[in-house]
Structure formats: C-alpha cells, structure tokens
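Asker: Handing over data.cif, mmCIF, C-alpha atoms.
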data_data
#
loop_
_atom_site.label_atom_id
_atom_site.label_comp_id
_atom_site.auth_asym_id
_atom_site.auth_seq_id
_atom_site.Cartn_x
_atom_site.Cartn_y
_atom_site.Cartn_z
CA MET A 1144 0.00 0.00 0.00
CA LEU A 1145 1.14 3.51 -0.77
CA GLU A 1146 2.11 5.88 2.02
CA VAL A 1147 -0.14 8.76 1.03
CA PRO A 1148 0.46 12.02 2.92
CA LEU A 1149 -2.54 13.27 4.81
CA TRP A 1150 -2.34 16.61 3.00
CA LEU A 1151 -2.83 14.86 -0.36
CA TRP A 1152 -6.06 13.28 0.86
CA GLY A 1153 -7.08 16.72 2.09
CA ALA A 1154 -6.21 18.33 -1.23
CA PHE A 1155 -8.30 15.74 -3.05
CA ALA A 1156 -11.29 16.21 -0.72
CA ALA A 1157 -11.03 20.00 -0.98
CA THR A 1158 -10.85 19.83 -4.80
CA VAL A 1159 -13.97 17.68 -4.98
CA VAL A 1160 -15.98 19.80 -2.51
CA VAL A 1161 -15.00 23.12 -4.11
CA SER A 1162 -15.64 21.78 -7.62
CA LEU A 1163 -19.09 20.50 -6.70
CA ALA A 1164 -19.94 23.79 -4.99
CA VAL A 1165 -18.85 25.83 -8.02
CA ASP A 1166 -20.74 23.51 -10.34
CA LEU A 1167 -23.91 23.76 -8.23
CA LEU A 1168 -23.72 27.56 -8.09
CA ALA A 1169 -23.12 27.78 -11.83
CA HIS A 1170 -26.26 25.73 -12.47
CA ARG A 1171 -28.46 27.00 -9.63
CA THR A 1172 -31.14 28.05 -12.12
CA ALA A 1173 -32.80 25.55 -14.43
CA HIS A 1174 -31.65 25.87 -18.03
CA VAL A 1175 -30.93 23.68 -21.01
CA ILE A 1176 -27.22 22.89 -21.24
CA GLY A 1177 -25.97 23.16 -24.80
CA PHE A 1178 -22.99 21.55 -26.48
CA ARG A 1179 -20.59 24.47 -25.99
CA GLU A 1180 -21.31 24.81 -22.26
CA ALA A 1181 -21.06 21.05 -21.76
CA ALA A 1182 -17.78 20.89 -23.72
CA ALA A 1183 -16.33 23.70 -21.58
CA TRP A 1184 -17.28 21.93 -18.34
CA SER A 1185 -16.02 18.61 -19.69
CA GLY A 1186 -12.68 20.30 -20.36
CA VAL A 1187 -12.64 21.58 -16.77
CA TRP A 1188 -13.22 18.10 -15.31
CA VAL A 1189 -10.66 16.45 -17.56
CA GLY A 1190 -8.19 19.21 -16.74
CA LEU A 1191 -8.67 18.73 -13.00
CA ALA A 1192 -8.17 14.96 -13.36
CA LEU A 1193 -4.95 15.46 -15.33
CA VAL A 1194 -3.61 18.09 -12.92
CA PHE A 1195 -4.25 15.69 -10.07
CA ALA A 1196 -2.46 12.97 -12.09
CA ALA A 1197 0.57 15.27 -12.31
CA VAL A 1198 0.47 15.76 -8.53
CA VAL A 1199 0.31 11.98 -7.99
CA PHE A 1200 3.29 11.51 -10.31
CA LEU A 1201 5.33 14.12 -8.41
CA VAL A 1202 4.36 13.06 -4.88
CA LEU A 1203 3.87 9.29 -5.09
CA GLY A 1204 6.07 8.36 -8.03
CA THR A 1205 5.81 7.16 -11.61
CA THR A 1206 4.16 3.82 -10.83
CA ALA A 1207 1.39 5.41 -8.76
CA GLY A 1208 0.87 8.13 -11.36
CA THR A 1209 0.60 5.59 -14.17
CA GLU A 1210 -1.84 3.47 -12.17
CA TYR A 1211 -3.99 6.51 -11.37
CA THR A 1212 -4.08 7.61 -15.02
CA THR A 1213 -4.88 4.09 -16.21
CA ALA A 1214 -7.65 3.64 -13.64
CA TRP A 1215 -9.13 7.06 -14.46
CA LEU A 1216 -9.15 6.40 -18.19
CA LEU A 1217 -10.58 2.91 -17.66
CA GLU A 1218 -13.41 4.23 -15.50
CA LYS A 1219 -13.99 7.08 -17.94
CA SER A 1220 -14.38 4.62 -20.81
CA LEU A 1221 -16.61 2.24 -18.89
CA SER A 1222 -18.81 5.15 -17.79
CA VAL A 1223 -19.89 5.70 -21.40
CA ASP A 1224 -22.40 2.89 -20.85
CA ASN A 1225 -23.88 5.00 -18.05
CA LEU A 1226 -24.63 7.73 -20.57
CA PHE A 1227 -26.87 5.42 -22.58
CA VAL A 1228 -28.75 4.49 -19.40
CA PHE A 1229 -29.12 8.17 -18.44
CA ALA A 1230 -30.78 8.76 -21.81
CA VAL A 1231 -33.16 5.82 -21.23
CA ILE A 1232 -34.09 7.06 -17.74
CA PHE A 1233 -34.69 10.63 -18.88
CA ALA A 1234 -36.87 9.43 -21.75
CA TYR A 1235 -38.80 7.02 -19.51
CA PHE A 1236 -39.66 9.72 -16.96
CA LYS A 1237 -39.96 12.49 -19.56
CA VAL A 1238 -37.53 14.66 -17.60
CA PRO A 1239 -37.47 18.24 -18.97
CA ARG A 1240 -34.01 19.03 -20.31
CA ALA A 1241 -33.72 22.03 -17.99
CA TYR A 1242 -33.94 19.74 -14.92
CA GLN A 1243 -31.56 17.02 -16.07
CA HIS A 1244 -28.39 18.60 -14.67
CA ARG A 1245 -29.90 18.79 -11.17
CA VAL A 1246 -30.80 15.10 -11.33
CA LEU A 1247 -27.30 14.11 -12.45
CA PHE A 1248 -25.70 16.36 -9.82
CA PHE A 1249 -27.34 14.47 -6.96
CA GLY A 1250 -26.83 11.19 -8.80
CA VAL A 1251 -23.10 11.88 -8.93
CA MET A 1252 -22.99 12.73 -5.23
CA GLY A 1253 -24.64 9.42 -4.41
CA ALA A 1254 -22.28 7.59 -6.76
CA LEU A 1255 -19.25 9.11 -4.99
CA VAL A 1256 -20.51 7.73 -1.67
CA PHE A 1257 -21.47 4.27 -2.91
CA ARG A 1258 -18.32 3.81 -5.01
CA GLY A 1259 -16.27 4.73 -1.94
CA ILE A 1260 -18.01 1.99 0.04
CA PHE A 1261 -17.71 -0.65 -2.68
CA LEU A 1262 -14.08 0.16 -3.49
CA SER A 1263 -13.12 0.10 0.21
CA LEU A 1264 -14.73 -3.31 0.58
CA GLY A 1265 -13.08 -4.49 -2.62
CA VAL A 1266 -9.61 -3.38 -1.50
CA ALA A 1267 -10.12 -5.07 1.89
CA VAL A 1268 -11.27 -8.33 0.29
CA VAL A 1269 -8.45 -8.42 -2.27
CA SER A 1270 -5.83 -7.73 0.39
CA ARG A 1271 -7.06 -10.70 2.45
CA PHE A 1272 -8.26 -13.12 -0.22
CA THR A 1273 -6.18 -12.79 -3.39
CA ALA A 1274 -8.04 -15.72 -4.97
CA VAL A 1275 -11.11 -13.49 -5.33
CA LEU A 1276 -9.30 -11.92 -8.31
CA PHE A 1277 -10.15 -15.05 -10.31
CA ALA A 1278 -13.84 -14.45 -9.55
CA PHE A 1279 -13.48 -10.81 -10.58
CA ALA A 1280 -11.88 -11.94 -13.84
CA ALA A 1281 -14.85 -14.23 -14.49
CA VAL A 1282 -17.23 -11.30 -13.99
CA LEU A 1283 -15.30 -9.21 -16.50
CA PHE A 1284 -15.17 -12.05 -19.05
CA TYR A 1285 -18.93 -12.51 -18.75
CA SER A 1286 -19.53 -8.78 -19.18
CA ALA A 1287 -17.27 -8.75 -22.23
CA TYR A 1288 -19.18 -11.69 -23.70
CA LYS A 1289 -22.51 -9.90 -23.25
CA LEU A 1290 -21.17 -6.77 -24.94
CA LEU A 1291 -19.77 -8.73 -27.89
CA LYS A 1292 -23.01 -10.68 -28.32
CA ASP A 1293 -25.19 -7.61 -27.75
CA GLU A 1294 -26.68 -9.36 -24.74
CA GLU A 1295 -26.14 -6.55 -22.28
CA ASP A 1296 -28.91 -6.49 -19.68
CA SER A 1297 -31.50 -3.84 -20.45
CA PHE A 1298 -32.24 -1.45 -17.62
CA ASP A 1299 -35.91 -0.87 -16.82
CA PRO A 1300 -36.11 2.30 -14.68
CA GLY A 1301 -39.65 1.51 -13.53
CA LYS A 1302 -38.61 -1.83 -12.04
CA SER A 1303 -35.45 -0.74 -10.24
CA PHE A 1304 -35.15 -1.69 -6.58
CA ALA A 1305 -34.41 1.91 -5.58
CA LEU A 1306 -37.62 3.18 -7.16
CA ARG A 1307 -39.73 0.41 -5.59
CA LEU A 1308 -38.18 1.22 -2.20
CA LEU A 1309 -38.88 4.92 -2.68
CA ARG A 1310 -42.55 4.21 -3.40
CA ARG A 1311 -42.79 2.27 -0.12
CA ILE A 1312 -41.29 5.13 1.87
CA VAL A 1313 -43.09 8.12 0.35
CA PRO A 1314 -45.92 8.65 -2.16
CA VAL A 1315 -44.74 9.80 -5.60
CA ARG A 1316 -46.90 12.20 -7.60
CA ASP A 1317 -47.17 12.19 -11.40
CA GLU A 1318 -46.35 15.84 -12.16
CA TYR A 1319 -43.05 17.69 -11.83
CA ALA A 1320 -42.84 20.74 -9.57
CA GLY A 1321 -39.92 22.63 -10.99
CA MET A 1322 -36.62 21.45 -9.52
CA ARG A 1323 -38.19 20.47 -6.20
CA PHE A 1324 -37.96 16.92 -4.89
CA PHE A 1325 -40.85 17.23 -2.42
CA VAL A 1326 -44.15 19.14 -2.31
CA LYS A 1327 -47.09 19.21 0.08
CA GLU A 1328 -50.44 17.88 -1.11
CA ALA A 1329 -53.51 17.71 1.14
CA GLY A 1330 -51.34 18.34 4.18
CA ARG A 1331 -48.88 15.52 3.48
CA ARG A 1332 -45.41 15.49 1.98
CA VAL A 1333 -45.09 13.70 -1.34
CA ALA A 1334 -42.15 13.18 -3.68
CA THR A 1335 -42.02 14.54 -7.21
CA PRO A 1336 -40.92 12.43 -10.20
CA LEU A 1337 -37.55 14.23 -9.99
CA LEU A 1338 -36.71 12.28 -6.82
CA ALA A 1339 -37.78 9.07 -8.55
CA VAL A 1340 -35.36 9.83 -11.39
CA VAL A 1341 -32.50 10.32 -8.91
CA ALA A 1342 -33.37 6.95 -7.35
CA ALA A 1343 -33.29 5.31 -10.79
CA ILE A 1344 -29.91 6.93 -11.54
CA GLU A 1345 -28.48 5.58 -8.28
CA ALA A 1346 -29.83 2.11 -9.03
CA ALA A 1347 -28.16 2.20 -12.44
CA ASP A 1348 -24.81 3.14 -10.89
CA LEU A 1349 -25.04 0.18 -8.50
CA ILE A 1350 -25.47 -2.10 -11.51
CA PHE A 1351 -22.49 -0.62 -13.33
CA ALA A 1352 -20.35 -0.93 -10.21
CA VAL A 1353 -20.42 -4.71 -10.75
CA ASP A 1354 -18.11 -4.24 -13.76
CA SER A 1355 -16.34 -1.08 -12.69
CA VAL A 1356 -15.07 -2.13 -9.27
CA PRO A 1357 -13.37 -5.40 -10.36
CA ALA A 1358 -11.89 -3.62 -13.39
CA VAL A 1359 -10.28 -0.80 -11.43
CA LEU A 1360 -8.98 -3.24 -8.79
CA ALA A 1361 -7.08 -4.96 -11.58
CA VAL A 1362 -5.12 -1.74 -12.08
CA SER A 1363 -4.36 -1.06 -8.42
CA ASP A 1364 -5.33 -2.36 -5.00
CA ASP A 1365 -4.47 0.91 -3.27
CA ALA A 1366 -7.48 2.71 -1.82
CA PHE A 1367 -6.18 6.18 -2.70
CA ILE A 1368 -5.51 5.35 -6.35
CA VAL A 1369 -8.77 3.49 -7.01
CA TYR A 1370 -11.04 6.00 -5.27
CA THR A 1371 -9.51 9.23 -6.55
CA SER A 1372 -9.43 7.93 -10.13
CA ASN A 1373 -13.06 6.81 -9.89
CA ALA A 1374 -14.12 10.08 -8.30
CA PHE A 1375 -12.62 12.27 -11.01
CA ALA A 1376 -14.11 10.06 -13.73
CA ILE A 1377 -17.56 10.21 -12.10
CA LEU A 1378 -17.37 14.00 -11.63
CA GLY A 1379 -17.10 14.49 -15.38
CA LEU A 1380 -20.06 12.28 -16.24
CA ARG A 1381 -22.66 15.07 -16.32
CA ALA A 1382 -20.75 17.30 -18.72
CA LEU A 1383 -19.88 14.31 -20.89
CA TYR A 1384 -23.55 13.32 -21.09
CA PHE A 1385 -24.72 16.76 -22.19
CA MET A 1386 -21.84 17.06 -24.64
CA LEU A 1387 -22.62 13.70 -26.29
CA ALA A 1388 -26.42 13.78 -25.96
CA GLY A 1389 -27.89 12.91 -29.32
CA LEU A 1390 -24.56 11.56 -30.61
CA LEU A 1391 -24.32 8.37 -28.55
CA ASP A 1392 -25.76 6.15 -31.29
CA ARG A 1393 -22.96 7.18 -33.63
CA PHE A 1394 -20.36 5.35 -31.53
CA HIS A 1395 -21.77 1.92 -32.35
CA TYR A 1396 -18.40 0.16 -32.17
CA LEU A 1397 -17.68 1.49 -28.68
CA ASN A 1398 -19.37 -1.45 -26.97
CA LYS A 1399 -17.11 -3.82 -28.88
CA GLY A 1400 -14.10 -1.81 -27.79
CA LEU A 1401 -15.27 -1.89 -24.17
CA ALA A 1402 -15.67 -5.67 -24.46
CA VAL A 1403 -12.05 -5.97 -25.60
CA ILE A 1404 -10.92 -3.76 -22.72
CA LEU A 1405 -12.89 -5.77 -20.15
CA ALA A 1406 -11.51 -9.04 -21.50
CA PHE A 1407 -7.96 -7.65 -21.41
CA ILE A 1408 -8.45 -6.49 -17.80
CA GLY A 1409 -9.78 -9.97 -16.97
CA VAL A 1410 -6.57 -11.49 -18.37
CA LYS A 1411 -4.55 -8.97 -16.35
CA LEU A 1412 -6.38 -10.10 -13.20
CA ILE A 1413 -5.61 -13.75 -13.89
CA PHE A 1414 -1.90 -13.03 -14.38
CA GLN A 1415 -1.91 -10.87 -11.26
CA ALA A 1416 -3.55 -13.53 -9.09
CA SER A 1417 -1.40 -16.32 -10.56
CA HIS A 1418 1.75 -14.33 -9.85
CA LYS A 1419 0.79 -14.01 -6.19
CA LEU A 1420 -0.77 -17.43 -5.57
CA ILE A 1421 0.91 -19.87 -7.95
CA SER A 1422 4.40 -18.69 -8.84
CA PRO A 1423 6.36 -15.42 -8.83
CA GLY A 1424 7.70 -16.53 -12.19
CA ILE A 1425 4.34 -15.83 -13.80
CA PRO A 1426 4.62 -12.28 -15.16
CA GLU A 1427 2.20 -9.47 -14.38
CA ILE A 1428 1.00 -7.05 -17.03
CA PRO A 1429 2.60 -3.64 -16.29
CA SER A 1430 0.38 -0.59 -15.87
CA PRO A 1431 1.96 1.26 -18.83
CA VAL A 1432 0.95 -1.66 -21.08
CA SER A 1433 -2.60 -1.53 -19.70
CA LEU A 1434 -2.76 2.21 -20.30
CA ALA A 1435 -1.53 1.80 -23.88
CA VAL A 1436 -4.07 -0.95 -24.62
CA ILE A 1437 -6.98 1.11 -23.28
CA VAL A 1438 -5.97 4.20 -25.27
CA VAL A 1439 -5.46 2.27 -28.52
CA VAL A 1440 -8.69 0.28 -28.25
CA LEU A 1441 -10.79 3.35 -27.36
CA ALA A 1442 -9.29 5.39 -30.18
CA ALA A 1443 -9.81 2.56 -32.69
CA SER A 1444 -13.44 2.09 -31.60
CA ILE A 1445 -14.25 5.79 -31.96
CA VAL A 1446 -12.48 6.18 -35.32
CA LEU A 1447 -14.09 3.04 -36.71
CA SER A 1448 -17.52 4.20 -35.54
CA LEU A 1449 -17.11 7.54 -37.31
CA ARG A 1450 -15.69 6.05 -40.49
CA ARG A 1451 -18.32 3.33 -40.75
CA PRO A 1452 -21.59 4.92 -39.62
CA VAL A 1453 -24.69 2.82 -39.27
CA PRO A 1454 -27.16 3.57 -42.10
CA PRO A 1455 -30.47 4.98 -40.85
CA HIS A 1456 -33.46 2.67 -40.70
CA PRO A 1457 -36.62 4.67 -41.44
CA ALA A 1458 -39.79 3.55 -39.73
CA PRO A 1459 -42.42 1.86 -41.92
CA ALA A 1460 -44.96 4.19 -43.50
CA GLY A 1461 -47.90 4.92 -41.24
CA VAL A 1462 -46.14 3.74 -38.08
CA GLU A 1463 -45.56 6.36 -35.41
CA GLU A 1464 -43.07 5.92 -32.64
CA GLU A 1465 -44.77 5.52 -29.27
CA GLU A 1466 -43.77 8.09 -26.69
CA PRO A 1467 -42.28 6.72 -23.47
CA GLN A 1468 -44.65 6.88 -20.50
CA PRO A 1469 -43.58 8.18 -17.09
CA ASN A 1470 -45.17 5.22 -15.27
CA ILE A 1471 -44.44 6.73 -11.88
CA LYS A 1472 -47.14 4.86 -10.03
CA GLU A 1473 -47.39 1.12 -9.79
#
Write out the structure in this file as structure tokens.
Answerer:
Amino acid sequence: MLEVPLWLWGAFAATVVVSLAVDLLAHRTAHVIGFREAAAWSGVWVGLALVFAAVVFLVLGTTAGTEYTTAWLLEKSLSVDNLFVFAVIFAYFKVPRAYQHRVLFFGVMGALVFRGIFLSLGVAVVSRFTAVLFAFAAVLFYSAYKLLKDEEDSFDPGKSFALRLLRRIVPVRDEYAGMRFFVKEAGRRVATPLLAVVAAIEAADLIFAVDSVPAVLAVSDDAFIVYTSNAFAILGLRALYFMLAGLLDRFHYLNKGLAVILAFIGVKLIFQASHKLISPGIPEIPSPVSLAVIVVVLAASIVLSLRRPVPPHPAPAGVEEEEPQPNIKE
C-alpha cells in the first residue's frame, strides 16, 4: 500500500468539494445545457483529473501516477455505458431538459458515496483473499461476452429496486414541480418524479459498479488510487452526457471496444492472481501496457464508428413511434 500524505487526501477532498460547490452555483437556475457549455465543463473536469495525475506523479512516483491515469481512463471509458442508461431514464420519466443537470448532480454525489463503500470493501477483500481476483476476472469475461453478443442487460427504470423502495417510503406524484424533490399535497409530503429519477440513476450506478469495481482493482489495489481515479471520472459524467447527448448512437463500435478492454483487464487479473498465488515466475501485465491498450482500443473504436456509420433505418410508413410513458405509479 502507498504511504499517502494526509495533505494529499485533504487536497483531493477540498478539490472535490469546491468543484461541486462551483458547479452547483453555476447551475443553480434551471436551463438547457448546450454543447458548448457542456464541452467547456467537460474540459474543466478532464483538466482537473490530469492536474491531479501530475500531482500523484510528483508526490507518489511514476508507478502510482501511471496506475492513477490508467484507472481514471478505464473508469472514464466504462462510464460511457452509463450515458446510454441516463438517456433511457430521462426518456422514460420524460424529464425536462432544464432539470436534467440537477438530477445528475445528486446522482453523482450518491455515486461518490457508494463507489467509496464498494471500493473500500473491494480493497479489503483483495488484500485478504487474493483468490477473489479469479472471480473478478470471471465477472469481467462474462460482461465482455454480453457486450460482444449484444446481450447486455436492459435497464428498466420503472422496475429498479431503488424506485420500488422509494414508493414504499413516500408517495410519488405524477407531475413535476420545478426542480423540487418534495411538495405538500392535502397536508402531506409527497415526492415529485424528480426524486424518482435520482433513485433510478443511483440504481443504475449500482449495476455498473459490478463491472467497474473489479476492473479498477485490476489496475491497483491501493485505496487512494482506485477511489480518486473513480471520483474524477464520475465527476465528469454530467458534462460528458450533455456534450454527447444525441450523438451516442454514432459510436456503435464502442461497446465492442469496451468488451475488448474488459476481456484484457480480466486477463490482467488472472496473471496478477497467478503471480501471487501460484508462482512469482508468472509475469504481471505492467500498468503502462494496460494504459496503452486502453488508449489504442478506445481510439480505434471511436475512429471506426465515425468512419463506418450505421445507415439509418426509417420507420415503416404509417407507423408512429410511441412516446415513453412516465409510469411513476405502480
């Protein structure tokens, strides 16, 4: 484990808190976020992540800096799947575009908490039971298989556990009330659909953590590296979503690229576990190699998607697309 100075943890925490506060103040009024604004914010988040990477390189060394950068880029690439699910959730609940940033803001805050818990548990388990890495590798191989075969589990926002739990705790009305999560009706407090959307976003992140946590633990088993890299990747999700909204379908080879990355990380886990449990003579895959593979595969997937676009499939004459229904109540 790395000997991380306390001030570096403090600097990370302060950066996250200040960044979230600035972001919240900048979007305190409901408005539609356009491409230029989203691109500017995306640049800010990527810049912060890279500046922090430079600090890690200088303070903790080249190995730690490479692991952080690899883990951040890996989480950033895997989070693209989250963007597709965000689009599904927003369409399902008919979330007005002006309210979507507020939903994602609180979704990101919840994700930071839950990822911290899961990653802490993952680091503790790996440090005590190295053999669990083989199980993690199996999870990644299965996820890669589903992506290659287009058998990725569809996410139904209306059936998520978080939304069902929310309905048991508090009544949920059908109509939005601006950016408010609660309103009073007939003397009682009821939730608005906006709170239901946040619950659905959190449920989706829990599902994606199944792939994300084992993958990042293949890069490093240090709590500081895995959490800070995940946190900076998650912080940039909102801006990335608004920047790519409407363009996600163009990157149709990205899932194949993610499948290759997950399979490669699974192989890395097997070598890592075998090196520790079977024989030190079994080589481990260095972090610079992992970083290079992720960059090359992502770049190839994006370029191939743009060079070989999917031809449009017009709907049959006389057939109108059915609008998604909010379906707030059971």
Asker: Report as a PyMOL selection string the full result of the PyMOL selection byres ((chain A and resi 1242) around 8) when it is applied to this structure.
Answerer: chain A and resi 1173-1175+1238-1241+1243-1246+1321-1322
Asker: Choose the residue, out of A:Tyr1396, A:Gly1153, A:Ala1443, A:Val1147, that has the smallest atom-to-atom separation from Leu1291 in chain A; count all atoms listed in the file.
Answerer: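 Among the listed residues, the smallest separation from Leu1291 in chain A belongs to A:Tyr1396.
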Asker: I need the residue set behind the PyMOL selection byres ((chain A and resi 1181) around 9) for this file; please write it as a JSON list (two decimals) with C-alpha atoms, in the frame of the given file.
Answerer:
[["chain", "number", "residue", "atom", "x", "y", "z"],
["A", 1176, "ILE", "CA", -27.22, 22.89, -21.24],
["A", 1177, "GLY", "CA", -25.97, 23.16, -24.80],
["A", 1178, "PHE", "CA", -22.99, 21.55, -26.48],
["A", 1179, "ARG", "CA", -20.59, 24.47, -25.99],
["A", 1180, "GLU", "CA", -21.31, 24.81, -22.26],
["A", 1182, "ALA", "CA", -17.78, 20.89, -23.72],
["A", 1183, "ALA", "CA", -16.33, 23.70, -21.58],
["A", 1184, "TRP", "CA", -17.28, 21.93, -18.34],
["A", 1185, "SER", "CA", -16.02, 18.61, -19.69],
["A", 1186, "GLY", "CA", -12.68, 20.30, -20.36],
["A", 1381, "ARG", "CA", -22.66, 15.07, -16.32],
["A", 1382, "ALA", "CA", -20.75, 17.30, -18.72],
["A", 1383, "LEU", "CA", -19.88, 14.31, -20.89],
["A", 1384, "TYR", "CA", -23.55, 13.32, -21.09],
["A", 1385, "PHE", "CA", -24.72, 16.76, -22.19],
["A", 1386, "MET", "CA", -21.84, 17.06, -24.64],
["A", 1387, "LEU", "CA", -22.62, 13.70, -26.29]]
Asker: Which value, in Å to one decimal, gives the distance between CA of Gly1259 in chain A and CA of Ala1352 in chain A?
Answerer: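 We find that CA of Gly1259 in chain A and CA of Ala1352 in chain A lie 10.8 Å from each other.
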Asker: Within 12 Å of range 1402-1406 of chain A, which residues of range 1320-1361 of chain A come that close, and what is the closest atom pair and distance in Å for each? Count all atoms listed in the file and give it as JSON lines.
Answerer:
{"residue": "A:Asp1354", "atom": "CA", "partner": "A:Leu1405", "partner_atom": "CA", "distance": 8.4}
{"residue": "A:Ser1355", "atom": "CA", "partner": "A:Leu1405", "partner_atom": "CA", "distance": 9.5}
{"residue": "A:Val1356", "atom": "CA", "partner": "A:Leu1405", "partner_atom": "CA", "distance": 11.7}
{"residue": "A:Pro1357", "atom": "CA", "partner": "A:Leu1405", "partner_atom": "CA", "distance": 9.8}
{"residue": "A:Ala1358", "atom": "CA", "partner": "A:Leu1405", "partner_atom": "CA", "distance": 7.2}
{"residue": "A:Val1359", "atom": "CA", "partner": "A:Leu1405", "partner_atom": "CA", "distance": 10.4}
{"residue": "A:Ala1361", "atom": "CA", "partner": "A:Leu1405", "partner_atom": "CA", "distance": 10.4}
Asker: Can I get the selection written as a CSV table (one decimal), in the coordinates of the input, with C-alpha atoms?
Answerer:
chain,number,residue,atom,x,y,z
A,1354,ASP,CA,-18.1,-4.2,-13.8
A,1355,SER,CA,-16.3,-1.1,-12.7
A,1356,VAL,CA,-15.1,-2.1,-9.3
A,1357,PRO,CA,-13.4,-5.4,-10.4
A,1358,ALA,CA,-11.9,-3.6,-13.4
A,1359,VAL,CA,-10.3,-0.8,-11.4
A,1361,ALA,CA,-7.1,-5.0,-11.6
Asker: Using only C-alpha atoms, pick whichever of A:Val1159, A:Leu1217, A:Leu1449, A:Ala1230 has the shortest atom-to-atom distance to Trp1188 in chain A.
Answerer: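 Of A:Val1159, A:Leu1217, A:Leu1449, A:Ala1230, the one nearest Trp1188 in chain A is A:Val1159, counting only C-alpha atoms.
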Asker: Between A:Ala1156, A:Ile1377, A:Val1194, A:Ala1329, which has the minimum distance to Asn1225 in chain A (counting all atoms listed in the file)?
Answerer: A:Ile1377
Asker: For the point (-2.4, 13.6, 1.5) in file coordinates, what residues are within 12 Å, counting all atoms listed in the file? Give the answer as JSON, numbers by chain?
Answerer: {"A": [1145, 1146, 1147, 1148, 1149, 1150, 1151, 1152, 1153, 1154, 1155, 1156, 1157, 1195, 1198, 1199, 1202, 1203, 1367, 1368, 1371]}
Asker: Calculate how many Å separate CA of Val1189 in chain A from CA of Leu1216 in chain A, rounding to one decimal.
Answerer: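 Taking CA of Val1189 in chain A as the start and CA of Leu1216 in chain A as the end point, the length is 10.2 Å.
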Asker: In terms of the shortest atom-to-atom distance over only C-alpha atoms, which of A:Trp1215, A:Ser1222, A:Ser1263, A:Phe1249 is closest to Asp1364 in chain A?
Answerer: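 Of A:Trp1215, A:Ser1222, A:Ser1263, A:Phe1249, the one nearest Asp1364 in chain A, counting only C-alpha atoms, is A:Ser1263.
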Asker: Nearest to Ile1428 in chain A among A:Leu1193, A:Ile1408, A:Leu1441, A:Leu1247, with distances taken over only C-alpha atoms: which residue is it?
Answerer: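 Smallest separation from Ile1428 in chain A among the options: A:Ile1408.
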Asker: Check the smallest atom-to-atom distance from each of A:Val1313, A:Ile1413, A:Met1252, A:Ala1388 to Ala1278 in chain A using only C-alpha atoms, then report the winner.
Answerer: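 The shortest atom-to-atom distance to Ala1278 in chain A comes from A:Ile1413.
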